[in-house]
Amino acid sequence: MTGMEPIYLDYNATSPIAPEVLEETTVALRDLWGNPSSDHVHGRRAREAVERARHRVAALLGCRDGEIVFTSGGTESDNAAVFGVAEALAGRGKHIVVSAIEHAAVGDAATRLEHRGFAVTRVPVDRAGLVDPDDVARAVRDDTVLVSIMHSHNETGVLQPVREIARHARSRGIVVHTDAAQSVGKLPVAVDELEVDLLTVAGHKLYGPKGVGALYLRQGTPFEPLFRGAGHEGNRRSGTENTACIVGLGAACELACAEPDRPMKLRRLRDRLEAGLRRIVPDLVVHGGETERLPNTLYAAIPGVPAHELLAGLPEIAAGSGAACHSTEPAPSRVLLAMGVPAQLAVCTVRLSLGRPTTAEEIDRASALIGRRAEALRAARG
């Protein structure tokens, strides 16, 4: 291992900034230092760069430029969506619907709303990690103002039936949000096809900088800003724009547009990794493997081999045992428990997520290393 970088298989936690994106971000950081709200040459240059980035993000999502609101990242976008709609429509109703496996940025926001007098229905998932649209339809009420169901899960990679959910909810006048932070850049995401009103983007998940994101906000959607101030971003997100990182997000979105074959390449490598592991570990359990999922994600358990022990002995591989914020704790994933996975199998689960730089040679090395380590741990346990 000396002198060698580990094989990085944790792209769902974060992605390295792409070289093309880094170049544009660096130039913007150096040259576009003016305040985008200033009406002089330096301000105009910064403002033009921000608007160009807005156009690039909108092009990737298939929406109007003016429907893109820049934020500090996925968490802010999720919070803004949940609180923004709830506050705007509190006079009409105080009930929202989320899934039982939402990212904490949505789940904890929903809990905070409960403390403010809202009712929250948390829809369960099946053994594949899927929300049943009929369960969502049954959960909505006359006072429901928001449904928020994530597009793809950060652990399992499972894709939710967002379009079907959104179609029914919106037919009843209910606003629909989806957290697509894990999806954008890994597979095509078009807001009109999904029929959603709000959608979350996180820059660092698609080879852009950290600390920047976007919220798609369909024109006419009731919304109260999370931040109050001088009314930036069309009075939807106050605060001087982070020009350099916004430029980087725009560059990352344009890069995704320029690589339409990215999902297919990722899927081929992911399937190669799974096949390689199965040759050594025939009883490998792939969570969500029977349904559609992100093309780069393999969330799998090796029965009898705790994930933290497996990874502790593999300095050659950088991976996690679940969501990045919980990966150091040898505890079963709440998502897997919600899917009905036994705790003793859940703690044996590793999340292996691939990215643009991943190579076939890395995949073959990784499957061999993981397989050998699993065999050694099983042998040691007798």
# chains A, B, ... in the order shown; residues from 1 in each chain; ligands from 1
>>> closest_atom_pairs(of="range 245-358 of chain A", to="range 129-132 of chain A", cutoff="9 Å", atoms="only C-alpha atoms", output="JSON lines")
{"residue": "A:His287", "atom": "CA", "partner": "A:Gly129", "partner_atom": "CA", "distance": 8.1}
{"residue": "A:Gly288", "atom": "CA", "partner": "A:Gly129", "partner_atom": "CA", "distance": 6.2}
{"residue": "A:Thr291", "atom": "CA", "partner": "A:Leu130", "partner_atom": "CA", "distance": 8.4}
{"residue": "A:Val335", "atom": "CA", "partner": "A:Gly129", "partner_atom": "CA", "distance": 8.0}
{"residue": "A:Leu336", "atom": "CA", "partner": "A:Gly129", "partner_atom": "CA", "distance": 8.0}
{"residue": "A:Ala338", "atom": "CA", "partner": "A:Gly129", "partner_atom": "CA", "distance": 8.0}
{"residue": "A:Met339", "atom": "CA", "partner": "A:Gly129", "partner_atom": "CA", "distance": 5.5}
>>> closest_atom_pairs(of="range 70-110 of chain A", to="range 143-160 of chain A", cutoff="8 Å", atoms="only C-alpha atoms", output="tab-separated table")
residue	atom	partner	partner_atom	distance
A:Val82	CA	A:Leu146	CA	7.7
A:Val85	CA	A:Leu146	CA	7.0
A:Ala86	CA	A:Val145	CA	6.8
A:Leu89	CA	A:Val145	CA	6.5
A:Ala90	CA	A:Val145	CA	7.9
A:Arg92	CA	A:Asp143	CA	6.6
A:Gly93	CA	A:Asp143	CA	4.1
A:Lys94	CA	A:Asp143	CA	6.1
A:His95	CA	A:Thr144	CA	4.5
A:Ile96	CA	A:Leu146	CA	4.9
A:Val97	CA	A:Val147	CA	4.7
A:Val98	CA	A:Ser148	CA	5.0
A:Ser99	CA	A:Ile149	CA	5.9
A:Glu102	CA	A:Met150	CA	6.3
A:His103	CA	A:Asn154	CA	7.8
A:Val106	CA	A:Ser148	CA	7.8
>>> write_last_selection(atoms="C-alpha atoms", output="mmCIF file, in the first residue's frame")
data_model
loop_
_atom_site.group_PDB
_atom_site.id
_atom_site.type_symbol
_atom_site.label_atom_id
_atom_site.label_comp_id
_atom_site.auth_asym_id
_atom_site.auth_seq_id
_atom_site.Cartn_x
_atom_site.Cartn_y
_atom_site.Cartn_z
ATOM 1 C CA VAL A 82 -39.787 21.503 3.391
ATOM 2 C CA VAL A 85 -43.694 25.154 1.368
ATOM 3 C CA ALA A 86 -44.983 24.329 4.855
ATOM 4 C CA LEU A 89 -49.280 26.936 2.989
ATOM 5 C CA ALA A 90 -49.739 26.659 6.765
ATOM 6 C CA ARG A 92 -54.374 25.855 4.170
ATOM 7 C CA GLY A 93 -53.195 22.801 6.053
ATOM 8 C CA LYS A 94 -50.580 21.430 8.417
ATOM 9 C CA HIS A 95 -49.930 17.901 7.204
ATOM 10 C CA ILE A 96 -47.004 16.578 5.183
ATOM 11 C CA VAL A 97 -46.049 13.145 3.876
ATOM 12 C CA VAL A 98 -42.504 11.779 3.695
ATOM 13 C CA SER A 99 -41.010 8.312 3.431
ATOM 14 C CA GLU A 102 -35.646 10.060 3.793
ATOM 15 C CA HIS A 103 -32.268 11.695 4.234
ATOM 16 C CA VAL A 106 -35.816 16.021 5.015
#
>>> closest_residue(among="A:Leu61, A:Val347, A:Ala301, A:Ile7", to="Val201 in chain A", atoms="only C-alpha atoms")
A:Leu61
>>> atom_distance(atom1="CA of Ile101 in chain A", atom2="CA of Leu337 in chain A")
9.9 Å
>>> residues_around(residues="Met4 in chain A", least_positions_apart="4", cutoff="12 Å", atoms="only C-alpha atoms", output="PyMOL selection string")
chain A and resi 8+315-317
>>> write_last_selection(atoms="N, CA and C atoms", output="compact mmCIF listing (two decimals), in the first residue's frame")
# COMPACT_ATOMS: atom_id res chain seq x y z
N TYR A 8 -10.95 4.28 -4.53
CA TYR A 8 -12.05 5.06 -3.98
C TYR A 8 -13.38 4.51 -4.47
N PRO A 315 -7.11 -1.30 4.03
CA PRO A 315 -6.65 0.07 3.78
C PRO A 315 -6.52 0.37 2.29
N GLU A 316 -6.55 -0.67 1.46
CA GLU A 316 -6.43 -0.46 0.01
C GLU A 316 -7.71 0.06 -0.61
N ILE A 317 -8.81 0.08 0.18
CA ILE A 317 -10.11 0.48 -0.35
C ILE A 317 -10.73 1.55 0.55
